[in-house]
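K.L.:
First, the structure itself, so that you have it in front of you.
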Amino acid sequence: MTLHWIYVLLSWGAVLGVFTALAISVMVRHRAARRQLAQLERTR
Amino acid sequence: MGRFFRLRQRCIRGRQMLLTSRASPYVVSVDTASSPSGLPRQAGSLHRFANPGRFLRLTETWLPWLSGAALLVLGIGVFWGLWLAPRDWQQGETVRIMFVHVPMAWLAMGGYMGLAILSVMSLIWRHPLADLSARELSPIGAAVTALCLLTGSLWGRPMWGTWWVWDARLTSVLVLFFLWLGHAALVRAFDDPERGARMGAILALVGVVNVPIVKFSVDWWNTLHQPASVTRINAPGMHVDILYPLLWCTLGFSLAFAALVLAATRAAVMERRVRALQMAAARRADAPTPLWSAEA
């Protein structure tokens with residue numbers, strides 16, 4: 001693997017990794033909020 | 001003028017409903033667009049989306065499709081960009097960095113224009129979802145701008161022989177990154193979310209002056225960064241073998257960006273309702289017991 005390919009893979013890896021991390025964090029927030037809402041609706 | 005005030009009133013009702021509605025978070029039965037005031041519903045106009053319940057309903061349908069489309073287009077984009085696209089005769093394999101760097105740059109600037117539009121909606125019409133969307137947009141915009149800087153740096157090292165130069169393009173994108181970060185920090189710095197949203201909107205509108213500076217910096221100053229290769233006026237300065245995967249990857253990342261912002265806004269709407277319900281429960285628990293109920 002050439003040095004150029006290392007730069008290419010680092011770039012793609014950073015972009016795809018950050019997008020995946022953002023998607024996971026949003027999904028976790030979404031699920032937590034949905035669970036809390038369901039709980040609050042039950043106790044109301 | 002009357003229509004302007006009706007729209008503003010509906011947005012304010014939407015904001016109140018976001019905080020106080022007792023309806024289900026997924027299906028809000030009171031629809032401000034179809035109007036307690038008896039005003040006719042105007043299909044396609046902006047105020048239809050001032051209703052958080054409607055937003056939750058719509059995004060519940062749209063989000064899976066949007067996310068699926070983003071995944072599909074990005075999957076093809078990864079294959080096309082890393083495997084099918086030919087190496088450039090001058091840049092070699094590093095041309096493949098363009099397939100992620102350019103979409104990040106366009107999203108950083110386009111996203112900031114979106115933030116400015118949301119800020120206008122927030123300041124003029126007090127649109128409840130504009131505040132929340134802007135609040136959720138800024139960290140994602142900051143991440144995308146940081147990726148633009150990082151991938152540009154990773155391209156610059158083998159091509160220019162340096163990670164960074166203080167030329168007009170790179171510096172103005174760095175300023176854009178600080179504007180995104182500043183907005184994200186400012187809207188979260190106030191106890192009163194409405195005040196934070198107002199301050200953030202003002203900052204976003206002041207900072208919008210930087211967007212044309214980013215765009216035209218390569219024309220106005222002598223920069224190491226090359227001028228735009230894809231313009232509306234001239235033919236693209238690259239071969240279609242490079243141009244098509246670039247446009248394809250831009251489409252994929254734009255879909256992913258939109259899906260992320262929508263999903264984050266949806267989560268924020270639900271979190272705000274959780275806080276409103278918790279506060280209502282706390283108020284009920286603190287309320288004094290009426291005498292007649294003690295006698296009963």
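The chains in the structure tokens are called A, B, ... from first to last as shown; in each chain the residues are counted from 1, and the ligands are counted from 1 in the order shown.
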May I have the residues of chain B within 8 Å of chain A, counting only C-alpha atoms, written as an MDAnalysis selection string?
P.N.:
chainID B and resid 24:25 92:94 96:97 100 140 143 147 150:151 154:155 158 256 260 263:264 266:267 270:271 273:274 277:278 281
K.L.:
Go ahead and save the picked residues with N, CA and C atoms, as a PDB file, in the first residue's frame.
P.N.:
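What follows is the written file again29.pdb:
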ATOM      1  N   SER B  24     -50.517  12.362  22.922  1.00  0.00           N
ATOM      2  CA  SER B  24     -49.409  11.432  22.713  1.00  0.00           C
ATOM      3  C   SER B  24     -48.275  12.123  21.965  1.00  0.00           C
ATOM      4  N   PRO B  25     -47.050  11.778  22.285  1.00  0.00           N
ATOM      5  CA  PRO B  25     -45.949  12.424  21.587  1.00  0.00           C
ATOM      6  C   PRO B  25     -45.880  12.035  20.117  1.00  0.00           C
ATOM      7  N   GLY B  92      -2.711  11.210  -8.812  1.00  0.00           N
ATOM      8  CA  GLY B  92      -2.622   9.789  -8.469  1.00  0.00           C
ATOM      9  C   GLY B  92      -3.851   9.358  -7.682  1.00  0.00           C
ATOM     10  N   GLU B  93      -3.638   8.494  -6.672  1.00  0.00           N
ATOM     11  CA  GLU B  93      -4.770   7.954  -5.897  1.00  0.00           C
ATOM     12  C   GLU B  93      -5.418   9.010  -4.999  1.00  0.00           C
ATOM     13  N   THR B  94      -4.670  10.071  -4.676  1.00  0.00           N
ATOM     14  CA  THR B  94      -5.219  11.053  -3.725  1.00  0.00           C
ATOM     15  C   THR B  94      -6.429  11.797  -4.272  1.00  0.00           C
ATOM     16  N   ARG B  96      -9.023  10.507  -4.884  1.00  0.00           N
ATOM     17  CA  ARG B  96     -10.174   9.878  -4.213  1.00  0.00           C
ATOM     18  C   ARG B  96     -10.563  10.619  -2.931  1.00  0.00           C
ATOM     19  N   ILE B  97      -9.640  11.402  -2.391  1.00  0.00           N
ATOM     20  CA  ILE B  97      -9.978  12.228  -1.212  1.00  0.00           C
ATOM     21  C   ILE B  97     -11.003  13.295  -1.606  1.00  0.00           C
ATOM     22  N   VAL B 100     -14.728  12.812  -0.826  1.00  0.00           N
ATOM     23  CA  VAL B 100     -15.279  13.111   0.514  1.00  0.00           C
ATOM     24  C   VAL B 100     -15.034  14.577   0.890  1.00  0.00           C
ATOM     25  N   ILE B 140     -23.755  19.097  14.070  1.00  0.00           N
ATOM     26  CA  ILE B 140     -23.534  18.280  12.864  1.00  0.00           C
ATOM     27  C   ILE B 140     -22.788  19.113  11.821  1.00  0.00           C
ATOM     28  N   ALA B 143     -19.188  19.288  12.820  1.00  0.00           N
ATOM     29  CA  ALA B 143     -18.491  18.025  12.522  1.00  0.00           C
ATOM     30  C   ALA B 143     -18.142  17.952  11.041  1.00  0.00           C
ATOM     31  N   LEU B 147     -14.489  17.881   9.296  1.00  0.00           N
ATOM     32  CA  LEU B 147     -14.093  16.840   8.333  1.00  0.00           C
ATOM     33  C   LEU B 147     -13.564  17.451   7.038  1.00  0.00           C
ATOM     34  N   LEU B 150     -10.079  18.513   7.870  1.00  0.00           N
ATOM     35  CA  LEU B 150      -9.198  17.351   8.057  1.00  0.00           C
ATOM     36  C   LEU B 150      -8.863  16.679   6.721  1.00  0.00           C
ATOM     37  N   THR B 151      -9.896  16.447   5.897  1.00  0.00           N
ATOM     38  CA  THR B 151      -9.635  15.765   4.625  1.00  0.00           C
ATOM     39  C   THR B 151      -8.834  16.670   3.680  1.00  0.00           C
ATOM     40  N   LEU B 154      -5.328  16.280   4.777  1.00  0.00           N
ATOM     41  CA  LEU B 154      -4.788  14.984   4.347  1.00  0.00           C
ATOM     42  C   LEU B 154      -4.501  14.968   2.836  1.00  0.00           C
ATOM     43  N   TRP B 155      -5.220  15.771   2.092  1.00  0.00           N
ATOM     44  CA  TRP B 155      -4.939  15.897   0.651  1.00  0.00           C
ATOM     45  C   TRP B 155      -3.759  16.843   0.432  1.00  0.00           C
ATOM     46  N   PRO B 158       0.286  15.341   0.769  1.00  0.00           N
ATOM     47  CA  PRO B 158       0.995  14.755  -0.384  1.00  0.00           C
ATOM     48  C   PRO B 158       1.023  15.672  -1.609  1.00  0.00           C
ATOM     49  N   ALA B 256     -27.482  11.728   3.813  1.00  0.00           N
ATOM     50  CA  ALA B 256     -27.116  11.321   5.172  1.00  0.00           C
ATOM     51  C   ALA B 256     -27.173  12.511   6.129  1.00  0.00           C
ATOM     52  N   LEU B 260     -29.624  12.830   9.319  1.00  0.00           N
ATOM     53  CA  LEU B 260     -29.084  13.058  10.669  1.00  0.00           C
ATOM     54  C   LEU B 260     -29.755  14.250  11.341  1.00  0.00           C
ATOM     55  N   ALA B 263     -33.364  13.377  12.213  1.00  0.00           N
ATOM     56  CA  ALA B 263     -33.445  12.439  13.343  1.00  0.00           C
ATOM     57  C   ALA B 263     -33.069  13.140  14.642  1.00  0.00           C
ATOM     58  N   ALA B 264     -32.068  14.028  14.597  1.00  0.00           N
ATOM     59  CA  ALA B 264     -31.666  14.740  15.809  1.00  0.00           C
ATOM     60  C   ALA B 264     -32.772  15.699  16.262  1.00  0.00           C
ATOM     61  N   ARG B 266     -35.939  15.340  15.670  1.00  0.00           N
ATOM     62  CA  ARG B 266     -37.010  14.475  16.193  1.00  0.00           C
ATOM     63  C   ARG B 266     -36.704  14.059  17.631  1.00  0.00           C
ATOM     64  N   ALA B 267     -35.449  13.677  17.883  1.00  0.00           N
ATOM     65  CA  ALA B 267     -35.066  13.295  19.249  1.00  0.00           C
ATOM     66  C   ALA B 267     -35.200  14.491  20.190  1.00  0.00           C
ATOM     67  N   MET B 270     -38.803  15.125  21.182  1.00  0.00           N
ATOM     68  CA  MET B 270     -39.245  14.144  22.178  1.00  0.00           C
ATOM     69  C   MET B 270     -38.615  14.427  23.541  1.00  0.00           C
ATOM     70  N   GLU B 271     -37.349  14.825  23.553  1.00  0.00           N
ATOM     71  CA  GLU B 271     -36.691  15.137  24.833  1.00  0.00           C
ATOM     72  C   GLU B 271     -37.342  16.339  25.507  1.00  0.00           C
ATOM     73  N   ARG B 273     -40.421  17.242  25.210  1.00  0.00           N
ATOM     74  CA  ARG B 273     -41.715  16.799  25.758  1.00  0.00           C
ATOM     75  C   ARG B 273     -41.521  15.986  27.031  1.00  0.00           C
ATOM     76  N   VAL B 274     -40.441  15.218  27.077  1.00  0.00           N
ATOM     77  CA  VAL B 274     -40.141  14.466  28.307  1.00  0.00           C
ATOM     78  C   VAL B 274     -39.945  15.441  29.459  1.00  0.00           C
ATOM     79  N   LEU B 277     -43.281  16.991  30.515  1.00  0.00           N
ATOM     80  CA  LEU B 277     -44.102  16.043  31.279  1.00  0.00           C
ATOM     81  C   LEU B 277     -43.537  15.836  32.685  1.00  0.00           C
ATOM     82  N   GLN B 278     -42.211  15.793  32.794  1.00  0.00           N
ATOM     83  CA  GLN B 278     -41.596  15.620  34.121  1.00  0.00           C
ATOM     84  C   GLN B 278     -41.891  16.828  35.001  1.00  0.00           C
ATOM     85  N   ALA B 281     -45.466  16.647  36.118  1.00  0.00           N
ATOM     86  CA  ALA B 281     -45.614  15.638  37.185  1.00  0.00           C
ATOM     87  C   ALA B 281     -45.099  16.191  38.509  1.00  0.00           C
TER      88      ALA B 281
END
K.L.:
Going by DSSP on the backbone, which residues of region 122-229 of chain B come out as helix (DSSP H, G or I)? List them as a PyMOL selection string.
P.N.:
chain B and resi 122-125+128-160+168-187+193-207+210-220
K.L.:
Restricting it to C-alpha atoms, dump the selection as a compact mmCIF listing (two decimals), in the first residue's frame.
P.N.:
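Dumped to selection_20.txt:
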# COMPACT_ATOMS: atom_id res chain seq x y z
CA SER B 122 -36.96 31.68 14.38
CA LEU B 123 -36.57 35.45 14.75
CA ILE B 124 -39.50 36.54 12.57
CA TRP B 125 -42.12 33.80 12.97
CA PRO B 128 -40.81 26.30 17.33
CA LEU B 129 -39.18 23.68 15.16
CA ALA B 130 -36.78 26.20 13.61
CA ASP B 131 -35.21 26.75 17.05
CA LEU B 132 -34.83 23.04 17.69
CA SER B 133 -33.57 22.26 14.18
CA ALA B 134 -30.97 25.04 14.39
CA ARG B 135 -29.86 23.77 17.79
CA GLU B 136 -29.44 20.24 16.40
CA LEU B 137 -27.96 21.38 13.10
CA SER B 138 -24.97 23.24 14.52
CA PRO B 139 -23.01 20.30 16.06
CA ILE B 140 -23.53 18.28 12.86
CA GLY B 141 -22.45 21.28 10.78
CA ALA B 142 -19.38 21.72 12.98
CA ALA B 143 -18.49 18.02 12.52
CA VAL B 144 -18.87 18.29 8.73
CA THR B 145 -16.72 21.46 8.61
CA ALA B 146 -14.07 19.78 10.78
CA LEU B 147 -14.09 16.84 8.33
CA CYS B 148 -13.69 19.26 5.43
CA LEU B 149 -10.61 20.76 7.11
CA LEU B 150 -9.20 17.35 8.06
CA THR B 151 -9.64 15.77 4.62
CA GLY B 152 -8.28 18.92 2.97
CA SER B 153 -5.23 18.67 5.19
CA LEU B 154 -4.79 14.98 4.35
CA TRP B 155 -4.94 15.90 0.65
CA GLY B 156 -2.65 18.91 1.06
CA ARG B 157 0.19 16.98 2.65
CA PRO B 158 1.00 14.76 -0.38
CA MET B 159 -0.04 17.36 -3.00
CA TRP B 160 1.21 20.68 -1.59
CA ALA B 168 -7.84 32.93 2.36
CA ARG B 169 -9.82 29.76 1.58
CA LEU B 170 -8.47 27.64 4.43
CA THR B 171 -8.68 30.48 6.93
CA SER B 172 -12.26 31.41 6.00
CA VAL B 173 -13.33 27.75 6.35
CA LEU B 174 -11.64 27.70 9.78
CA VAL B 175 -13.70 30.80 10.68
CA LEU B 176 -16.81 28.94 9.45
CA PHE B 177 -15.92 26.05 11.77
CA PHE B 178 -15.65 28.46 14.73
CA LEU B 179 -19.01 29.99 13.79
CA TRP B 180 -20.63 26.54 13.84
CA LEU B 181 -19.00 25.78 17.22
CA GLY B 182 -19.96 29.20 18.57
CA HIS B 183 -23.58 28.68 17.59
CA ALA B 184 -23.67 25.22 19.17
CA ALA B 185 -22.19 26.59 22.41
CA LEU B 186 -24.29 29.78 22.53
CA VAL B 187 -27.71 28.13 22.16
CA PRO B 193 -33.87 27.84 25.69
CA GLU B 194 -35.84 30.55 23.85
CA ARG B 195 -33.28 33.20 24.79
CA GLY B 196 -30.45 30.89 23.72
CA ALA B 197 -32.18 30.26 20.39
CA ARG B 198 -32.59 34.02 19.82
CA MET B 199 -28.93 34.74 20.58
CA GLY B 200 -27.85 31.81 18.37
CA ALA B 201 -30.04 33.07 15.53
CA ILE B 202 -28.43 36.52 15.71
CA LEU B 203 -24.94 34.97 15.70
CA ALA B 204 -25.87 32.75 12.72
CA LEU B 205 -27.15 35.76 10.75
CA VAL B 206 -24.06 37.84 11.52
CA GLY B 207 -21.83 34.90 10.53
CA ASN B 210 -18.52 34.55 5.91
CA VAL B 211 -20.19 32.17 3.41
CA PRO B 212 -19.59 34.32 0.28
CA ILE B 213 -16.09 34.99 1.59
CA VAL B 214 -15.45 31.21 1.68
CA LYS B 215 -16.97 30.78 -1.76
CA PHE B 216 -15.17 33.65 -3.53
CA SER B 217 -11.93 33.68 -1.51
CA VAL B 218 -10.16 31.79 -4.29
CA ASP B 219 -11.19 34.48 -6.80
CA TRP B 220 -10.64 37.55 -4.63
K.L.:
By how many Å are CA of Pro103 (chain B) and CA of Thr250 (chain B) apart?
P.N.:
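For CA of Pro103 (chain B) relative to CA of Thr250 (chain B), the distance reads 4.7 Å.
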K.L.:
Which of these residues is nearest to Thr162 (chain B), using only C-alpha atoms: B:Val73, B:Leu224, B:Cys249, B:Ala268?
P.N.:
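Looking only at the distances to Thr162 (chain B), the closest residue turns out to be B:Leu224.
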K.L.:
For CA of Leu82 (chain B) and CA of Trp164 (chain B), determine how far apart the two atoms are, in Å to one decimal place.
P.N.:
24.9 Å
K.L.:
CA of Ala85 (chain B) and CA of Tyr244 (chain B), how far apart in Å?
P.N.:
9.1 Å
